[in-house]
Structure formats: C-alpha cells, structure tokens
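upload29.cif (mmCIF, C-alpha atoms and all ligand atoms)
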data_run
loop_
_atom_site.label_atom_id
_atom_site.label_comp_id
_atom_site.auth_asym_id
_atom_site.auth_seq_id
_atom_site.Cartn_x
_atom_site.Cartn_y
_atom_site.Cartn_z
CA MET X 1 13.33 -6.85 16.35
CA LEU X 2 9.64 -6.01 16.30
CA LYS X 3 7.25 -8.96 16.43
CA GLY X 4 5.46 -10.12 13.31
CA LEU X 5 7.41 -8.43 10.53
CA GLU X 6 9.93 -11.07 9.55
CA GLY X 7 8.90 -12.75 6.30
CA LYS X 8 5.88 -10.46 5.84
CA THR X 9 5.49 -8.41 2.67
CA ALA X 10 4.80 -4.68 2.86
CA LEU X 11 3.77 -2.16 0.23
CA VAL X 12 5.22 1.32 0.79
CA THR X 13 3.94 4.15 -1.42
CA GLY X 14 5.89 7.34 -1.91
CA ALA X 15 8.80 4.94 -1.35
CA SER X 16 11.55 7.16 -2.72
CA GLY X 17 10.51 10.19 -0.66
CA GLU X 18 12.25 10.81 2.62
CA ILE X 19 9.74 9.20 4.98
CA GLY X 20 9.08 6.42 2.44
CA ARG X 21 12.71 5.46 2.09
CA ALA X 22 13.23 5.48 5.87
CA ALA X 23 10.22 3.16 6.20
CA CYS X 24 11.54 0.83 3.48
CA ALA X 25 14.94 0.65 5.21
CA ARG X 26 13.36 -0.06 8.59
CA LEU X 27 11.04 -2.75 7.19
CA LEU X 28 13.99 -4.48 5.50
CA ALA X 29 15.95 -4.30 8.76
CA GLU X 30 13.02 -6.01 10.50
CA GLY X 31 13.12 -8.85 7.99
CA ALA X 32 10.13 -7.85 5.85
CA ASN X 33 9.95 -7.97 2.06
CA VAL X 34 9.20 -4.56 0.56
CA ILE X 35 7.40 -3.39 -2.58
CA GLY X 36 8.11 0.31 -3.18
CA LEU X 37 5.74 2.33 -5.37
CA ASP X 38 6.62 5.85 -6.47
CA LEU X 39 6.37 8.01 -9.57
CA ASN X 40 9.89 7.88 -10.85
CA GLN X 41 11.96 4.76 -11.65
CA SER X 42 15.31 6.51 -11.42
CA ALA X 43 14.50 8.01 -8.00
CA LEU X 44 13.42 4.56 -6.82
CA ASP X 45 16.68 3.07 -8.11
CA THR X 46 18.78 5.88 -6.59
CA HIS X 47 17.25 5.91 -3.12
CA LEU X 48 16.23 2.36 -2.37
CA ASP X 49 18.08 -0.79 -1.46
CA ALA X 50 18.40 -3.40 -4.22
CA ARG X 51 16.19 -5.75 -2.16
CA VAL X 52 13.15 -3.44 -2.55
CA VAL X 53 10.96 -4.51 -5.47
CA LYS X 54 10.38 -1.21 -7.25
CA VAL X 55 7.26 -0.28 -9.15
CA ALA X 56 7.10 3.06 -10.96
CA GLY X 57 3.67 4.65 -11.26
CA SER X 58 1.12 6.85 -9.58
CA VAL X 59 -0.99 5.89 -6.58
CA SER X 60 -3.90 7.52 -8.38
CA ASP X 61 -3.53 5.20 -11.38
CA PRO X 62 -5.44 1.95 -10.73
CA GLN X 63 -3.14 0.07 -13.16
CA ALA X 64 -0.02 1.09 -11.27
CA VAL X 65 -1.63 0.10 -7.98
CA ALA X 66 -2.60 -3.28 -9.44
CA ALA X 67 0.97 -3.71 -10.73
CA ALA X 68 2.31 -3.17 -7.21
CA VAL X 69 -0.05 -5.80 -5.75
CA ASP X 70 0.79 -8.19 -8.62
CA ALA X 71 4.51 -7.68 -7.98
CA ALA X 72 3.98 -8.68 -4.35
CA ILE X 73 2.09 -11.80 -5.42
CA GLU X 74 4.68 -12.78 -8.04
CA GLN X 75 7.77 -12.12 -5.91
CA PHE X 76 6.60 -13.03 -2.43
CA GLY X 77 3.26 -14.84 -2.74
CA GLY X 78 1.14 -11.88 -1.60
CA LEU X 79 0.92 -8.77 0.55
CA ASP X 80 0.40 -8.50 4.30
CA LEU X 81 1.08 -4.87 5.16
CA ALA X 82 0.79 -1.43 3.57
CA PHE X 83 2.17 1.97 4.49
CA LEU X 84 0.20 4.33 2.21
CA ASN X 85 2.55 7.26 2.52
CA ALA X 86 2.61 9.00 -0.88
CA GLY X 87 1.46 12.59 -0.74
CA VAL X 88 1.94 16.06 -2.16
CA GLU X 89 1.82 19.50 -0.61
CA CYS X 90 -0.04 22.49 -2.01
CA ARG X 91 1.44 25.92 -2.57
CA ALA X 92 0.68 28.42 0.19
CA ALA X 93 -2.34 30.56 -0.67
CA PRO X 94 -5.66 31.57 0.85
CA VAL X 95 -8.73 29.54 -0.13
CA VAL X 96 -10.00 32.30 -2.39
CA ASP X 97 -6.85 32.13 -4.54
CA PHE X 98 -6.61 28.38 -5.18
CA SER X 99 -7.62 27.05 -8.59
CA GLU X 100 -9.75 23.95 -9.08
CA ARG X 101 -6.74 22.38 -10.76
CA GLU X 102 -4.64 22.80 -7.61
CA TYR X 103 -7.42 21.30 -5.51
CA GLU X 104 -7.74 18.34 -7.88
CA ARG X 105 -3.98 17.68 -7.97
CA VAL X 106 -3.70 17.46 -4.18
CA PHE X 107 -6.87 15.40 -3.71
CA ASP X 108 -5.94 13.11 -6.60
CA VAL X 109 -2.81 11.93 -4.77
CA ASN X 110 -3.57 12.45 -1.08
CA VAL X 111 -7.14 11.13 -1.05
CA ARG X 112 -7.91 9.25 -4.27
CA GLY X 113 -4.45 7.64 -4.20
CA ILE X 114 -4.90 6.38 -0.66
CA PHE X 115 -8.45 5.25 -1.46
CA LEU X 116 -7.33 3.22 -4.49
CA CYS X 117 -4.35 1.67 -2.70
CA ALA X 118 -6.35 0.83 0.44
CA GLN X 119 -9.09 -0.70 -1.69
CA ALA X 120 -6.61 -2.86 -3.64
CA VAL X 121 -4.76 -4.02 -0.52
CA VAL X 122 -7.93 -4.82 1.43
CA ARG X 123 -9.44 -6.66 -1.55
CA HIS X 124 -6.26 -8.73 -1.81
CA LEU X 125 -6.29 -9.53 1.93
CA LEU X 126 -9.99 -10.46 1.90
CA ASP X 127 -9.58 -12.61 -1.23
CA SER X 128 -6.60 -14.38 0.36
CA ASP X 129 -8.44 -14.72 3.69
CA LYS X 130 -5.38 -13.28 5.45
CA PRO X 131 -4.96 -10.87 8.35
CA GLY X 132 -3.05 -7.68 7.63
CA ALA X 133 -2.36 -4.10 8.64
CA LEU X 134 -2.56 -0.78 6.83
CA LEU X 135 -1.22 2.58 7.93
CA LEU X 136 -2.52 5.65 6.12
CA MET X 137 -0.40 8.79 6.01
CA ALA X 138 -2.37 11.76 7.32
CA SER X 139 -0.77 14.70 9.17
CA ILE X 140 -1.28 17.01 12.09
CA ALA X 141 -2.76 19.12 9.27
CA GLY X 142 -5.56 16.55 9.20
CA LEU X 143 -6.53 17.51 12.74
CA GLN X 144 -6.43 21.27 12.58
CA GLY X 145 -6.84 24.23 10.26
CA SER X 146 -3.97 26.45 9.14
CA PRO X 147 -4.09 29.59 7.04
CA ASN X 148 -2.80 29.22 3.46
CA THR X 149 -2.74 25.40 3.25
CA ALA X 150 -6.47 24.63 3.28
CA ILE X 151 -6.33 22.19 0.37
CA TYR X 152 -3.62 20.12 2.03
CA ASN X 153 -5.37 20.23 5.42
CA ALA X 154 -8.68 19.21 3.86
CA SER X 155 -7.04 16.28 2.05
CA LYS X 156 -5.46 15.01 5.26
CA HIS X 157 -8.78 15.34 7.16
CA ALA X 158 -10.26 13.16 4.40
CA VAL X 159 -7.59 10.50 4.91
CA ILE X 160 -8.54 10.26 8.57
CA GLY X 161 -12.24 9.92 7.72
CA LEU X 162 -11.47 7.23 5.16
CA GLY X 163 -9.28 5.27 7.54
CA LYS X 164 -11.67 5.46 10.50
CA SER X 165 -14.49 4.14 8.33
CA LEU X 166 -12.40 1.40 6.73
CA ALA X 167 -11.26 0.29 10.19
CA LEU X 168 -14.89 -0.26 11.21
CA GLU X 169 -15.49 -2.37 8.11
CA VAL X 170 -12.48 -4.69 8.25
CA GLY X 171 -11.46 -5.02 11.91
CA SER X 172 -13.52 -8.18 12.36
CA LYS X 173 -11.62 -9.77 9.45
CA GLY X 174 -8.28 -9.35 11.23
CA ILE X 175 -7.23 -6.35 9.16
CA ARG X 176 -5.99 -3.41 11.23
CA VAL X 177 -6.15 0.12 9.84
CA ASN X 178 -4.55 3.15 11.47
CA MET X 179 -3.64 6.70 10.52
CA ILE X 180 -0.39 8.48 11.34
CA CYS X 181 -0.23 12.23 11.83
CA PRO X 182 3.29 13.64 11.82
CA GLY X 183 3.98 17.25 12.77
CA THR X 184 6.87 19.13 11.16
CA ILE X 185 9.36 16.63 9.75
CA ASP X 186 12.69 17.50 8.19
CA THR X 187 12.07 16.51 4.57
CA ARG X 188 11.88 18.06 1.11
CA MET X 189 8.14 18.63 1.58
CA MET X 190 8.61 20.71 4.72
CA HIS X 191 11.39 22.72 3.09
CA SER X 192 9.09 23.47 0.17
CA LEU X 193 6.36 24.59 2.60
CA GLU X 194 8.83 26.80 4.47
CA GLU X 195 9.57 28.59 1.19
CA THR X 196 5.99 29.04 0.03
CA MET X 197 4.43 29.72 3.44
CA GLY X 198 7.23 32.14 4.20
CA ALA X 199 6.72 33.92 0.88
CA ALA X 200 2.94 34.15 1.52
CA SER X 201 3.56 35.83 4.87
CA GLY X 202 6.66 37.85 3.97
CA ILE X 203 8.94 35.71 6.17
CA ASP X 204 12.33 34.37 5.13
CA ALA X 205 12.39 30.55 4.73
CA ARG X 206 15.08 30.16 7.43
CA ASP X 207 13.03 32.24 9.89
CA MET X 208 9.97 30.21 8.94
CA HIS X 209 11.91 27.03 9.73
CA ASN X 210 12.91 28.37 13.14
CA MET X 211 9.34 29.51 13.91
CA MET X 212 7.93 26.11 12.96
CA ALA X 213 10.58 24.26 14.97
CA ALA X 214 9.77 26.45 17.96
CA GLY X 215 6.08 25.60 17.53
CA ASN X 216 6.43 22.24 19.26
CA ALA X 217 7.46 21.38 22.79
CA LEU X 218 10.72 19.70 21.74
CA GLY X 219 11.73 22.77 19.73
CA ARG X 220 12.88 20.87 16.66
CA TYR X 221 11.68 19.14 13.53
CA GLY X 222 11.21 15.38 13.63
CA THR X 223 13.22 13.10 11.36
CA ALA X 224 12.00 10.72 8.68
CA GLU X 225 13.50 7.85 10.71
CA GLU X 226 11.41 8.83 13.75
CA ILE X 227 8.25 8.64 11.65
CA ALA X 228 9.35 5.33 10.10
CA SER X 229 9.92 3.92 13.57
CA MET X 230 6.33 4.60 14.66
CA ALA X 231 4.94 3.54 11.28
CA VAL X 232 6.67 0.18 11.33
CA TRP X 233 5.64 -0.39 14.95
CA ALA X 234 1.99 0.29 14.01
CA LEU X 235 2.22 -2.32 11.22
CA SER X 236 3.85 -4.91 13.46
CA ASP X 237 2.38 -7.42 15.89
CA GLU X 238 3.62 -5.17 18.72
CA ALA X 239 0.42 -3.17 18.16
CA PRO X 240 -2.39 -5.77 18.01
CA TYR X 241 -4.98 -3.58 19.79
CA CYS X 242 -4.06 -0.44 17.87
CA HIS X 243 -6.89 -0.18 15.35
CA GLY X 244 -8.84 2.74 13.90
CA GLU X 245 -6.45 5.03 15.75
CA THR X 246 -5.18 8.43 14.71
CA LEU X 247 -1.58 8.34 15.90
CA THR X 248 0.03 11.73 16.37
CA ILE X 249 3.81 12.16 16.34
CA SER X 250 4.63 15.82 16.58
CA GLY X 251 7.10 16.58 19.36
CA GLY X 252 4.20 18.05 21.32
CA LEU X 253 3.00 20.53 18.71
CA THR X 254 1.65 23.56 20.51
CA ALA X 255 0.85 25.75 17.48
N1 LIG X 301 7.34 16.27 5.99
C1 LIG X 301 6.39 16.56 6.86
O1 LIG X 301 6.55 17.45 7.73
C2 LIG X 301 5.10 15.79 6.87
C3 LIG X 301 4.22 15.99 7.93
C4 LIG X 301 3.01 15.31 7.94
C5 LIG X 301 2.71 14.43 6.91
N2 LIG X 301 3.59 14.26 5.89
C6 LIG X 301 3.21 13.35 4.82
O2 LIG X 301 4.21 12.35 4.70
C7 LIG X 301 4.18 11.80 3.38
C8 LIG X 301 5.60 11.70 2.86
O3 LIG X 301 6.12 13.01 2.71
P1 LIG X 301 7.68 13.38 2.82
O4 LIG X 301 7.77 14.41 3.88
O5 LIG X 301 8.51 12.15 2.90
O6 LIG X 301 7.88 14.16 1.45
P2 LIG X 301 8.57 13.74 0.09
O7 LIG X 301 8.19 14.75 -0.89
O8 LIG X 301 10.02 13.47 0.35
O9 LIG X 301 7.90 12.33 -0.26
C9 LIG X 301 6.68 12.20 -0.95
C10 LIG X 301 6.84 11.07 -1.94
O10 LIG X 301 5.56 10.79 -2.52
C11 LIG X 301 5.79 10.58 -3.90
N3 LIG X 301 4.57 10.82 -4.67
C12 LIG X 301 3.97 12.01 -4.93
N4 LIG X 301 2.91 11.83 -5.72
C13 LIG X 301 2.84 10.49 -5.96
C14 LIG X 301 1.96 9.69 -6.72
N5 LIG X 301 0.94 10.22 -7.41
N6 LIG X 301 2.17 8.36 -6.75
C15 LIG X 301 3.21 7.80 -6.08
N7 LIG X 301 4.08 8.52 -5.34
C16 LIG X 301 3.89 9.85 -5.29
C17 LIG X 301 6.87 11.58 -4.27
O11 LIG X 301 7.48 11.24 -5.52
C18 LIG X 301 7.79 11.45 -3.09
O12 LIG X 301 8.76 10.44 -3.30
C19 LIG X 301 3.24 12.70 2.59
O13 LIG X 301 1.97 12.08 2.47
C20 LIG X 301 3.13 13.94 3.44
O14 LIG X 301 1.92 14.62 3.22
C21 LIG X 301 4.77 14.91 5.85
#

Could you rewrite the structure in this file as structure tokens?
Ligand SMILES: NC(=O)c1ccc[n+]([C@@H]2O[C@H](COP(=O)([O-])OP(=O)(O)OC[C@H]3O[C@@H](n4cnc5c(N)ncnc54)[C@H](O)[C@@H]3O)[C@@H](O)[C@H]2O)c1
Amino acid sequence: MLKGLEGKTALVTGASGEIGRAACARLLAEGANVIGLDLNQSALDTHLDARVVKVAGSVSDPQAVAAAVDAAIEQFGGLDLAFLNAGVECRAAPVVDFSEREYERVFDVNVRGIFLCAQAVVRHLLDSDKPGALLLMASIAGLQGSPNTAIYNASKHAVIGLGKSLALEVGSKGIRVNMICPGTIDTRMMHSLEETMGAASGIDARDMHNMMAAGNALGRYGTAEEIASMAVWALSDEAPYCHGETLTISGGLTA
C-alpha cells in the first residue's frame, strides 16, 4: 500500500476514460474514496466500481465542477486529492487548416477544464486549511511539437505552464501540484490519433501504431494501468518532495 491514501478523498476527472478508470480502480485499492467526474452518466455507471461517487458533467462547466466538490463534501467530508485527467484530442491537420471552433473545443476541455477544476480544488483546500495534492494531465505533447496536432500540443503546453505557476503559489500551504506527461498509451484516444494522423500522412492505422510503438526505447505503447500507477504515487505521501514537477512516463520516447 502507498502511504497517505487510505481514507483520503480524491477527485478524478475523465473518470470513465481508460486512464481515468485505471486511476479510480487503483485509488480504491489503496483505500481512498473516489469522486469520478465525466461527461456521460451511463459510461460512468458502466465502467466504474459502485464505490465511486459519480458526477456527470463537463470539466469546463463551473456548475458541474462545483457539484463534484459538493459531492465530496457531502459523502466524505471534503476533498484531499485531485487527478485532473479529462482531455480530448484534436483531429490531425496542419495549423493552417484548423478552424477556430476546433481550437476552442480542445482548449475548452484541456486548459479551461483543468483551470476550473484546479481552482475549485485549491479553493476548497485553502478554505478547509488542509494539505492536499493535485496532478494535472499533460502529455509528452506538452513538451515538444509534432506536425498535425498543434492544437493538442499547445493545450498540453498550457497545462504545464498552469501547473508550474500554481505550484509556486500553493506549495507553502502544503498543497502539492505536479504534471504528468505520458507518451503513447494504449487507449481509445491513441487509437483515434492513429487513424487521423495516419490518414493525414497516407499511412494505414496499423502501420501508424507500429511506427509510434517503435518510437520509444521500450518499443511498445504504455498501458492505462502504468499511468495510473505513477499518478497515484504522485498523489500519495510517498512523494512529499515531488512538487511543481513535470513527470514524464513514455518508455523512453526517442521520436
Ligand atoms: N492515450 C495517450 O496516449 C495519452 C498520452 C498523453 C496524455 N493523455 C491524456 O490522458 C488523458 C486521458 O486520456 P485517455 O487516453 O484515457 O483517453 P479517453 O478518451 O479514454 O479518456 C478521456 C476521458 O475524458 C472525458 N472527457 C472529455 N471531455 C470531457 C469534459 N469536458 N468533461 C469531463 N470529462 C471529459 C471523456 O469522456 C473520456 O472519458 C487525456 O487528458 C489525454 O490527453 C493520453
């Protein structure tokens, strides 16, 4: 068992997605209470354990975010931890071909959503005079450029900037903030990117998968459980000096 998770309450956003559900399962296994926020009630009900308190709504809707914090207060007396994981990909296209609408959709979830959730969680922790930990979902795409996914890359760069700044503001209050940057992980999102990035470059999705897997030193995609393992560690008391860090987990991405 990891130190400092038993009896704590964690918010996980994007909870019914593949990384989100792996994180919820791992947090439950470590003895934490979990509030899962995602768009769709039936997906939450289908994918998550009955012990997860499920809130349907968007991370970019302040009322849904407030409902998730309120649920934590009502059910468990408050929140201690947050894994702000919800995110969307963009289609694959060069910068000159993206519409403003596409830009707004990705930034609305990946940046505004994390901003609103982080703000609500930190306000709650400060008001309750409690220590806590937040982990913001970025990506290796937040550390580098790639052709045809500029909107996504830009949004993940923004998450890192937000988290680094927040960490400087709240560290002295006992609130840790870190960012996690996965490489290529075997989930629905990556399969969607294989299709659209492959189509943009005239490469079959299966070949795209193999090329991307070969792009890291381990020669394979990571799993949602491997990301959840690092995420839950970063939220736990096993990582007390890990603060304001950009944690990469990519199998040694060489591309
Ligand atoms: N899969 C990868 O290779 C990879 C790599 C780096 C980072 N990430 C990031 O990991 C996170 C999780 O992605 P995943 O791979 O599990 O994909 P996924 O599509 O399985 O999960 C994303 C989840 O976020 C939810 N979501 C989307 N918009 C939302 C909103 N407005 N409000 C609440 N929930 C919303 C979706 O419903 C879905 O359940 C994302 O932020 C993604 O950018 C993924």

Each chain X residue no farther than 6 Å from ligand LIG 301 (chain X), nearest pair in Å, all atoms listed in the file, as a Markdown table:
| residue | atom | partner | partner_atom | distance |
| --- | --- | --- | --- | --- |
| X:Thr13 | CA | X:LIG301 | N7 | 5.9 |
| X:Gly14 | CA | X:LIG301 | O10 | 3.5 |
| X:Ala15 | CA | X:LIG301 | O12 | 5.8 |
| X:Ser16 | CA | X:LIG301 | O12 | 4.3 |
| X:Gly17 | CA | X:LIG301 | O12 | 3.2 |
| X:Glu18 | CA | X:LIG301 | O5 | 4.0 |
| X:Ile19 | CA | X:LIG301 | O5 | 3.8 |
| X:Gly20 | CA | X:LIG301 | O5 | 5.8 |
| X:Asp38 | CA | X:LIG301 | N7 | 3.9 |
| X:Leu39 | CA | X:LIG301 | C15 | 4.7 |
| X:Ser58 | CA | X:LIG301 | N6 | 3.4 |
| X:Val59 | CA | X:LIG301 | N6 | 4.0 |
| X:Ser60 | CA | X:LIG301 | N5 | 5.6 |
| X:Asn85 | CA | X:LIG301 | O13 | 4.9 |
| X:Ala86 | CA | X:LIG301 | O10 | 3.8 |
| X:Gly87 | CA | X:LIG301 | O13 | 3.3 |
| X:Val88 | CA | X:LIG301 | C12 | 5.3 |
| X:Val109 | CA | X:LIG301 | N5 | 4.9 |
| X:Met137 | CA | X:LIG301 | O13 | 5.4 |
| X:Ala138 | CA | X:LIG301 | C5 | 5.8 |
| X:Ser139 | CA | X:LIG301 | C4 | 4.0 |
| X:Cys181 | CA | X:LIG301 | C4 | 5.9 |
| X:Pro182 | CA | X:LIG301 | C4 | 4.2 |
| X:Gly183 | CA | X:LIG301 | C3 | 5.0 |
| X:Thr184 | CA | X:LIG301 | O1 | 3.8 |
| X:Ile185 | CA | X:LIG301 | O1 | 3.6 |
| X:Asp186 | CA | X:LIG301 | N1 | 5.9 |
| X:Thr187 | CA | X:LIG301 | O4 | 4.8 |
| X:Arg188 | CA | X:LIG301 | O8 | 5.0 |
| X:Met189 | CA | X:LIG301 | O6 | 4.5 |
| X:Met190 | CA | X:LIG301 | N1 | 4.8 |

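Across the structure, atom CA of Leu247 of chain X and atom CA of Met179 of chain X are spaced 6.0 Å apart.
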
* To do: May I ask for the distance between atom CA of Gly78 of chain X and atom CA of Lys156 of chain X, given in Å to one decimal place?
  => 28.5 Å

Contact table segment 93-125 of chain X vs segment 69-76 of chain X, cut-off 10 Å, shortest pair per residue, only C-alpha atoms, as a Markdown table:
| residue | atom | partner | partner_atom | distance |
| --- | --- | --- | --- | --- |
| X:Cys117 | CA | X:Val69 | CA | 9.1 |
| X:Ala120 | CA | X:Val69 | CA | 7.5 |
| X:Val121 | CA | X:Val69 | CA | 7.3 |
| X:His124 | CA | X:Val69 | CA | 7.9 |

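Each of X:Leu235, X:Ala133, X:Leu116, X:Ala10 was compared to Ala66 of chain X using only C-alpha atoms, and X:Leu116 turns out to be the nearest.
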
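Put simply, atom CA of Asn110 of chain X is 13.4 Å away from atom CA of Ile180 of chain X.
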
First collect every listed atom of segment 173-185 of chain X; then fit an axis-aligned box around them, widen it by 3 Å on each side, and give centre and edge lengths in Å to one decimal, as AutoDock Vina command-line options.
--center_x -1.1 --center_y 4.7 --center_z 11.0 --size_x 27.0 --size_y 34.9 --size_z 9.6
